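Here is final_31.cif, consisting of mmCIF, N, CA, C and O atoms:
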```cif
data_query
loop_
_atom_site.label_atom_id
_atom_site.label_comp_id
_atom_site.auth_asym_id
_atom_site.auth_seq_id
_atom_site.Cartn_x
_atom_site.Cartn_y
_atom_site.Cartn_z
N MET W 1 160.84 165.48 275.83
CA MET W 1 161.40 164.38 275.06
C MET W 1 162.90 164.31 275.28
O MET W 1 163.57 165.33 275.32
N ALA W 2 163.38 163.15 275.43
CA ALA W 2 164.81 162.96 275.66
C ALA W 2 165.58 163.13 274.36
O ALA W 2 165.19 162.61 273.32
N GLU W 3 166.68 163.88 274.45
CA GLU W 3 167.51 164.07 273.26
C GLU W 3 168.55 162.98 273.20
O GLU W 3 169.16 162.62 274.20
N ARG W 4 168.76 162.48 272.02
CA ARG W 4 169.79 161.47 271.80
C ARG W 4 170.82 162.07 270.88
O ARG W 4 170.50 162.68 269.88
N ASP W 5 172.05 161.87 271.22
CA ASP W 5 173.15 162.40 270.42
C ASP W 5 173.79 161.27 269.63
O ASP W 5 174.97 161.01 269.75
N THR W 6 172.98 160.58 268.85
CA THR W 6 173.45 159.44 268.09
C THR W 6 173.97 159.91 266.73
O THR W 6 173.29 160.61 266.01
N GLU W 7 175.17 159.54 266.41
CA GLU W 7 175.78 159.87 265.13
C GLU W 7 175.35 158.82 264.10
O GLU W 7 175.35 157.64 264.38
N PHE W 8 174.99 159.26 262.92
CA PHE W 8 174.62 158.34 261.87
C PHE W 8 175.18 158.86 260.55
O PHE W 8 175.55 160.02 260.44
N THR W 9 175.23 157.98 259.59
CA THR W 9 175.69 158.37 258.26
C THR W 9 175.07 157.43 257.23
O THR W 9 174.46 156.43 257.59
N PHE W 10 175.22 157.79 255.99
CA PHE W 10 174.78 156.95 254.89
C PHE W 10 176.02 156.50 254.13
O PHE W 10 176.98 157.24 254.01
N LYS W 11 176.01 155.29 253.64
CA LYS W 11 177.16 154.76 252.92
C LYS W 11 177.28 155.43 251.55
O LYS W 11 176.29 155.59 250.84
N LYS W 12 178.50 155.82 251.20
CA LYS W 12 178.69 156.47 249.90
C LYS W 12 178.39 155.50 248.75
O LYS W 12 177.94 155.93 247.69
N GLU W 13 178.58 154.21 248.98
CA GLU W 13 178.26 153.23 247.94
C GLU W 13 176.75 153.20 247.68
O GLU W 13 176.30 153.13 246.54
N THR W 14 175.99 153.25 248.76
CA THR W 14 174.53 153.27 248.63
C THR W 14 174.08 154.55 247.92
O THR W 14 173.21 154.50 247.04
N MET W 15 174.69 155.67 248.28
CA MET W 15 174.36 156.94 247.63
C MET W 15 174.71 156.87 246.15
O MET W 15 173.94 157.35 245.30
N GLY W 16 175.83 156.28 245.82
CA GLY W 16 176.22 156.13 244.42
C GLY W 16 175.21 155.31 243.64
O GLY W 16 174.83 155.68 242.52
N LYS W 17 174.75 154.22 244.22
CA LYS W 17 173.75 153.38 243.54
C LYS W 17 172.43 154.13 243.39
O LYS W 17 171.78 154.04 242.35
N LEU W 18 172.05 154.87 244.43
CA LEU W 18 170.81 155.64 244.36
C LEU W 18 170.88 156.69 243.26
O LEU W 18 169.98 156.80 242.43
N LEU W 19 171.96 157.45 243.23
CA LEU W 19 172.11 158.48 242.20
C LEU W 19 172.21 157.87 240.81
O LEU W 19 171.62 158.39 239.86
N SER W 20 172.94 156.77 240.70
CA SER W 20 173.11 156.12 239.39
C SER W 20 171.79 155.62 238.82
O SER W 20 171.62 155.55 237.61
N SER W 21 170.85 155.31 239.69
CA SER W 21 169.56 154.82 239.20
C SER W 21 168.79 155.89 238.42
O SER W 21 167.87 155.57 237.68
N PHE W 22 169.20 157.15 238.55
CA PHE W 22 168.54 158.24 237.83
C PHE W 22 169.28 158.64 236.55
O PHE W 22 168.79 159.47 235.79
N PHE W 23 170.46 158.07 236.32
CA PHE W 23 171.22 158.40 235.13
C PHE W 23 170.56 157.80 233.91
O PHE W 23 170.07 156.68 233.94
N LYS W 24 170.57 158.55 232.81
CA LYS W 24 169.95 158.08 231.58
C LYS W 24 170.90 157.21 230.77
O LYS W 24 170.46 156.38 230.00
N GLU W 25 172.20 157.42 230.94
CA GLU W 25 173.18 156.63 230.20
C GLU W 25 174.03 155.82 231.17
O GLU W 25 174.41 156.31 232.24
N ASP W 26 174.35 154.60 230.78
CA ASP W 26 175.17 153.74 231.63
C ASP W 26 176.59 154.26 231.80
O ASP W 26 177.27 153.93 232.77
N LYS W 27 177.06 155.07 230.86
CA LYS W 27 178.42 155.59 230.91
C LYS W 27 178.58 156.68 231.96
O LYS W 27 179.70 156.98 232.36
N THR W 28 177.51 157.29 232.39
CA THR W 28 177.58 158.39 233.34
C THR W 28 178.13 157.90 234.68
O THR W 28 177.71 156.88 235.19
N ARG W 29 179.09 158.65 235.22
CA ARG W 29 179.72 158.29 236.49
C ARG W 29 179.59 159.46 237.46
O ARG W 29 179.38 160.60 237.07
N ILE W 30 179.75 159.15 238.74
CA ILE W 30 179.72 160.17 239.77
C ILE W 30 180.99 160.05 240.59
O ILE W 30 181.41 158.94 240.94
N SER W 31 181.61 161.18 240.90
CA SER W 31 182.88 161.15 241.63
C SER W 31 182.66 160.83 243.11
O SER W 31 181.56 160.98 243.65
N VAL W 32 183.72 160.40 243.75
CA VAL W 32 183.68 160.10 245.18
C VAL W 32 183.30 161.36 245.96
O VAL W 32 182.50 161.31 246.90
N GLU W 33 183.85 162.50 245.55
CA GLU W 33 183.55 163.75 246.24
C GLU W 33 182.07 164.11 246.12
O GLU W 33 181.46 164.58 247.09
N ALA W 34 181.49 163.87 244.97
CA ALA W 34 180.06 164.15 244.77
C ALA W 34 179.21 163.23 245.64
O ALA W 34 178.21 163.65 246.23
N LYS W 35 179.62 161.97 245.73
CA LYS W 35 178.89 161.02 246.59
C LYS W 35 178.95 161.47 248.05
O LYS W 35 177.95 161.46 248.75
N LEU W 36 180.13 161.87 248.50
CA LEU W 36 180.29 162.33 249.88
C LEU W 36 179.47 163.59 250.15
O LEU W 36 178.88 163.74 251.22
N LEU W 37 179.43 164.48 249.18
CA LEU W 37 178.62 165.69 249.32
C LEU W 37 177.14 165.34 249.44
O LEU W 37 176.43 165.87 250.30
N MET W 38 176.67 164.44 248.61
CA MET W 38 175.27 164.03 248.66
C MET W 38 174.95 163.30 249.97
O MET W 38 173.86 163.48 250.53
N VAL W 39 175.89 162.51 250.48
CA VAL W 39 175.71 161.85 251.78
C VAL W 39 175.53 162.91 252.86
O VAL W 39 174.63 162.80 253.70
N GLU W 40 176.37 163.93 252.84
CA GLU W 40 176.27 164.99 253.85
C GLU W 40 174.96 165.76 253.71
O GLU W 40 174.32 166.10 254.71
N MET W 41 174.54 166.04 252.49
CA MET W 41 173.27 166.76 252.28
C MET W 41 172.08 165.93 252.78
O MET W 41 171.17 166.46 253.43
N LEU W 42 172.10 164.63 252.50
CA LEU W 42 171.02 163.77 252.97
C LEU W 42 171.01 163.69 254.49
O LEU W 42 169.95 163.70 255.12
N LYS W 43 172.19 163.64 255.09
CA LYS W 43 172.29 163.60 256.55
C LYS W 43 171.68 164.87 257.16
O LYS W 43 170.91 164.81 258.11
N ILE W 44 172.00 166.02 256.60
CA ILE W 44 171.44 167.29 257.09
C ILE W 44 169.93 167.30 256.91
O ILE W 44 169.18 167.73 257.80
N PHE W 45 169.47 166.83 255.77
CA PHE W 45 168.03 166.78 255.49
C PHE W 45 167.30 165.91 256.52
O PHE W 45 166.27 166.31 257.07
N VAL W 46 167.84 164.75 256.81
CA VAL W 46 167.22 163.83 257.77
C VAL W 46 167.25 164.42 259.17
O VAL W 46 166.27 164.34 259.92
N GLN W 47 168.37 165.05 259.54
CA GLN W 47 168.46 165.68 260.86
C GLN W 47 167.42 166.79 260.99
O GLN W 47 166.76 166.92 262.02
N GLU W 48 167.29 167.60 259.97
CA GLU W 48 166.31 168.69 259.99
C GLU W 48 164.89 168.14 260.09
O GLU W 48 164.05 168.67 260.83
N ALA W 49 164.61 167.09 259.37
CA ALA W 49 163.28 166.46 259.44
C ALA W 49 163.00 165.95 260.85
O ALA W 49 161.89 166.11 261.37
N ALA W 50 163.99 165.34 261.46
CA ALA W 50 163.82 164.81 262.81
C ALA W 50 163.56 165.93 263.82
O ALA W 50 162.65 165.84 264.66
N VAL W 51 164.33 167.00 263.73
CA VAL W 51 164.17 168.13 264.65
C VAL W 51 162.80 168.77 264.48
O VAL W 51 162.09 169.04 265.46
N ARG W 52 162.42 169.02 263.23
CA ARG W 52 161.11 169.65 263.00
C ARG W 52 159.96 168.74 263.42
O ARG W 52 158.95 169.22 263.93
N SER W 53 160.10 167.44 263.20
CA SER W 53 159.06 166.50 263.63
C SER W 53 158.95 166.49 265.15
O SER W 53 157.85 166.45 265.71
N GLN W 54 160.07 166.55 265.83
CA GLN W 54 160.07 166.58 267.29
C GLN W 54 159.39 167.86 267.79
O GLN W 54 158.58 167.81 268.72
N LYS W 55 159.71 168.98 267.18
CA LYS W 55 159.08 170.24 267.59
C LYS W 55 157.58 170.20 267.34
O LYS W 55 156.79 170.72 268.14
N GLN W 56 157.16 169.59 266.24
CA GLN W 56 155.74 169.46 265.94
C GLN W 56 155.05 168.62 267.00
O GLN W 56 153.97 168.97 267.49
N ALA W 57 155.67 167.54 267.40
CA ALA W 57 155.11 166.68 268.44
C ALA W 57 155.01 167.43 269.77
O ALA W 57 154.00 167.34 270.48
N GLU W 58 156.03 168.20 270.09
CA GLU W 58 156.01 168.99 271.32
C GLU W 58 154.89 170.02 271.31
O GLU W 58 154.24 170.25 272.32
N CYS W 59 154.67 170.64 270.15
CA CYS W 59 153.59 171.63 270.02
C CYS W 59 152.22 170.98 270.26
O CYS W 59 151.28 171.65 270.68
N GLU W 60 152.13 169.71 269.96
CA GLU W 60 150.87 168.99 270.14
C GLU W 60 150.83 168.25 271.48
O GLU W 60 149.97 167.41 271.70
N ASP W 61 151.76 168.58 272.37
CA ASP W 61 151.85 167.96 273.70
C ASP W 61 151.95 166.44 273.63
O ASP W 61 151.37 165.73 274.46
N CYS W 62 152.69 165.95 272.66
CA CYS W 62 152.92 164.50 272.54
C CYS W 62 154.31 164.18 273.08
O CYS W 62 155.24 164.98 272.93
N ASP W 63 154.44 163.05 273.70
CA ASP W 63 155.74 162.65 274.22
C ASP W 63 156.46 161.71 273.26
O ASP W 63 157.52 161.18 273.58
N ARG W 64 155.90 161.51 272.09
CA ARG W 64 156.46 160.61 271.10
C ARG W 64 156.21 161.17 269.71
O ARG W 64 155.14 161.69 269.42
N VAL W 65 157.20 161.06 268.83
CA VAL W 65 157.06 161.53 267.45
C VAL W 65 156.50 160.38 266.62
O VAL W 65 157.03 159.28 266.63
N ASP W 66 155.42 160.66 265.91
CA ASP W 66 154.79 159.68 265.03
C ASP W 66 154.88 160.15 263.59
O ASP W 66 155.23 161.29 263.30
N ILE W 67 154.51 159.29 262.68
CA ILE W 67 154.55 159.61 261.26
C ILE W 67 153.68 160.82 260.93
O ILE W 67 154.00 161.60 260.04
N GLU W 68 152.62 161.02 261.69
CA GLU W 68 151.74 162.17 261.45
C GLU W 68 152.48 163.48 261.66
O GLU W 68 152.24 164.46 260.95
N HIS W 69 153.38 163.51 262.63
CA HIS W 69 154.17 164.72 262.87
C HIS W 69 155.10 164.99 261.70
O HIS W 69 155.24 166.13 261.25
N PHE W 70 155.71 163.94 261.18
CA PHE W 70 156.57 164.07 260.00
C PHE W 70 155.77 164.55 258.80
O PHE W 70 156.20 165.43 258.06
N GLU W 71 154.59 163.98 258.61
CA GLU W 71 153.75 164.36 257.48
C GLU W 71 153.36 165.84 257.54
O GLU W 71 153.24 166.50 256.51
N LYS W 72 153.19 166.35 258.74
CA LYS W 72 152.81 167.76 258.89
C LYS W 72 153.95 168.71 258.56
O LYS W 72 153.72 169.81 258.06
N ILE W 73 155.19 168.30 258.81
CA ILE W 73 156.32 169.19 258.53
C ILE W 73 156.92 168.97 257.14
O ILE W 73 157.71 169.77 256.66
N LEU W 74 156.52 167.90 256.47
CA LEU W 74 157.09 167.58 255.16
C LEU W 74 156.99 168.72 254.15
O LEU W 74 157.98 169.00 253.45
N PRO W 75 155.86 169.42 254.05
CA PRO W 75 155.82 170.53 253.09
C PRO W 75 156.84 171.62 253.37
O PRO W 75 157.25 172.34 252.47
N GLN W 76 157.29 171.74 254.62
CA GLN W 76 158.32 172.72 254.95
C GLN W 76 159.68 172.31 254.38
O GLN W 76 160.52 173.16 254.11
N LEU W 77 159.88 171.02 254.22
CA LEU W 77 161.17 170.51 253.76
C LEU W 77 161.28 170.42 252.25
O LEU W 77 162.34 170.60 251.69
N VAL W 78 160.19 170.08 251.61
CA VAL W 78 160.22 169.86 250.16
C VAL W 78 159.16 170.74 249.52
O VAL W 78 157.99 170.69 249.89
N CYS W 79 159.59 171.54 248.58
CA CYS W 79 158.63 172.34 247.82
C CYS W 79 159.13 172.44 246.39
O CYS W 79 160.31 172.30 246.12
N SER W 80 158.22 172.66 245.47
CA SER W 80 158.60 172.76 244.07
C SER W 80 158.84 174.21 243.70
O SER W 80 158.11 175.09 244.11
N CYS W 81 159.87 174.43 242.96
CA CYS W 81 160.18 175.76 242.46
C CYS W 81 159.92 175.77 240.96
O CYS W 81 160.03 174.74 240.31
N LYS W 82 159.61 176.92 240.43
CA LYS W 82 159.30 177.00 239.01
C LYS W 82 160.52 176.71 238.15
O LYS W 82 160.52 175.79 237.36
N HIS W 83 161.56 177.52 238.29
CA HIS W 83 162.74 177.34 237.44
C HIS W 83 163.99 177.80 238.17
O HIS W 83 163.95 178.72 238.97
N CYS W 84 165.07 177.16 237.81
CA CYS W 84 166.37 177.56 238.33
C CYS W 84 166.73 178.90 237.67
O CYS W 84 166.65 179.03 236.44
N PRO W 85 167.11 179.90 238.46
CA PRO W 85 167.42 181.21 237.87
C PRO W 85 168.62 181.19 236.93
O PRO W 85 168.72 182.01 236.04
N ARG W 86 169.53 180.21 237.12
CA ARG W 86 170.72 180.16 236.29
C ARG W 86 170.49 179.40 235.00
O ARG W 86 170.85 179.85 233.93
N THR W 87 169.85 178.22 235.09
CA THR W 87 169.73 177.36 233.91
C THR W 87 168.35 177.40 233.27
O THR W 87 168.20 177.04 232.11
N GLY W 88 167.32 177.80 234.05
CA GLY W 88 165.97 177.80 233.53
C GLY W 88 165.27 176.46 233.66
O GLY W 88 164.10 176.32 233.34
N HIS W 89 165.98 175.42 234.12
CA HIS W 89 165.38 174.10 234.30
C HIS W 89 164.50 174.07 235.54
O HIS W 89 164.71 174.81 236.49
N SER W 90 163.52 173.18 235.53
CA SER W 90 162.70 172.99 236.72
C SER W 90 163.57 172.39 237.82
O SER W 90 164.40 171.53 237.56
N ILE W 91 163.36 172.86 239.04
CA ILE W 91 164.14 172.36 240.16
C ILE W 91 163.24 172.14 241.36
O ILE W 91 162.15 172.67 241.44
N SER W 92 163.70 171.33 242.27
CA SER W 92 163.04 171.17 243.55
C SER W 92 163.99 171.66 244.62
O SER W 92 165.19 171.46 244.55
N CYS W 93 163.46 172.34 245.61
CA CYS W 93 164.27 172.87 246.69
C CYS W 93 163.87 172.18 247.97
O CYS W 93 162.76 171.68 248.09
N TRP W 94 164.75 172.18 248.94
CA TRP W 94 164.42 171.57 250.21
C TRP W 94 164.78 172.51 251.34
O TRP W 94 165.46 173.48 251.16
N ILE W 95 164.28 172.23 252.49
CA ILE W 95 164.42 173.04 253.69
C ILE W 95 163.86 174.43 253.45
O ILE W 95 164.42 175.43 253.88
N SER W 96 162.75 174.52 252.78
CA SER W 96 161.97 175.75 252.63
C SER W 96 162.79 176.94 252.14
O SER W 96 162.58 178.05 252.57
N SER W 97 163.71 176.73 251.23
CA SER W 97 164.52 177.84 250.77
C SER W 97 164.13 178.32 249.38
O SER W 97 164.72 179.24 248.88
N CYS W 98 163.12 177.72 248.76
CA CYS W 98 162.85 178.06 247.36
C CYS W 98 162.38 179.51 247.23
O CYS W 98 162.66 180.15 246.23
N HIS W 99 161.68 180.05 248.21
CA HIS W 99 161.22 181.43 248.09
C HIS W 99 162.38 182.40 248.09
O HIS W 99 162.27 183.52 247.61
N LYS W 100 163.55 182.00 248.57
CA LYS W 100 164.74 182.84 248.55
C LYS W 100 165.47 182.73 247.23
O LYS W 100 166.15 183.65 246.82
N MET W 101 165.35 181.57 246.57
CA MET W 101 166.09 181.32 245.34
C MET W 101 165.39 181.88 244.11
O MET W 101 166.03 182.39 243.21
N VAL W 102 164.09 181.75 244.06
CA VAL W 102 163.36 182.13 242.86
C VAL W 102 162.33 183.19 243.23
O VAL W 102 161.54 182.99 244.14
N PRO W 103 162.35 184.34 242.56
CA PRO W 103 161.39 185.41 242.90
C PRO W 103 159.96 185.00 242.62
O PRO W 103 159.67 184.18 241.84
#
```
Can you turn what I pasted into structure tokens?
Amino acid sequence: MAERDTEFTFKKETMGKLLSSFFKEDKTRISVEAKLLMVEMLKIFVQEAAVRSQKQAECEDCDRVDIEHFEKILPQLVCSCKHCPRTGHSISCWISSCHKMVP
């Protein structure tokens, strides 16, 4: 498969609107720095999904990545954790790191 070195990003305004849609109170605000951090985290998440999907397709001797390849790697990216060790709240972890965070 041919590698493409295409740079992409997500707009901080879009990220702000997305995050704001989960706020319970209209007064809640998010800082520019927090938006930029979330943009970077989403970018890393998407890059990791693309790489893992490509590797899955290669393992299946496919020359093209399809949605089925993404669906197969999705559980590796998103998993539910029981509780945050610091706060005790339910949390979701990504990029298969929850087994390291919660015993």
Legend entry - Ground truth for the PyMOL selection byres ((chain W and resi 13-24) around 8), written as JSON, numbers by chain: {"W": [10, 11, 12, 25, 26, 27, 28, 29, 30, 31, 34, 35, 36, 38, 39]}
Inset, instruction - Identify the residues around (162.1, 167.6, 259.8) within a radius of 8 Å, measuring from only N, CA, C and O atoms in the coordinates stated by the file, and give them as a list in words. - result: Ile44, Phe45, Val46, Gln47, Glu48, Ala49, Ala50, Val51, Arg52, Ser53, Gln54, Lys55, His69, Phe70, Ile73, Leu74, Gln76 and Leu77 of chain W
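Straight-line separation from atom O of Lys72 of chain W to atom CA of Gln56 of chain W: 8.1 Å.
Note that the spacing between atom CA of Val65 of chain W and atom O of Glu40 of chain W amounts to 21.9 Å.
Counting from atom O of Phe8 of chain W, the distance to atom C of Asp61 of chain W is 27.8 Å.
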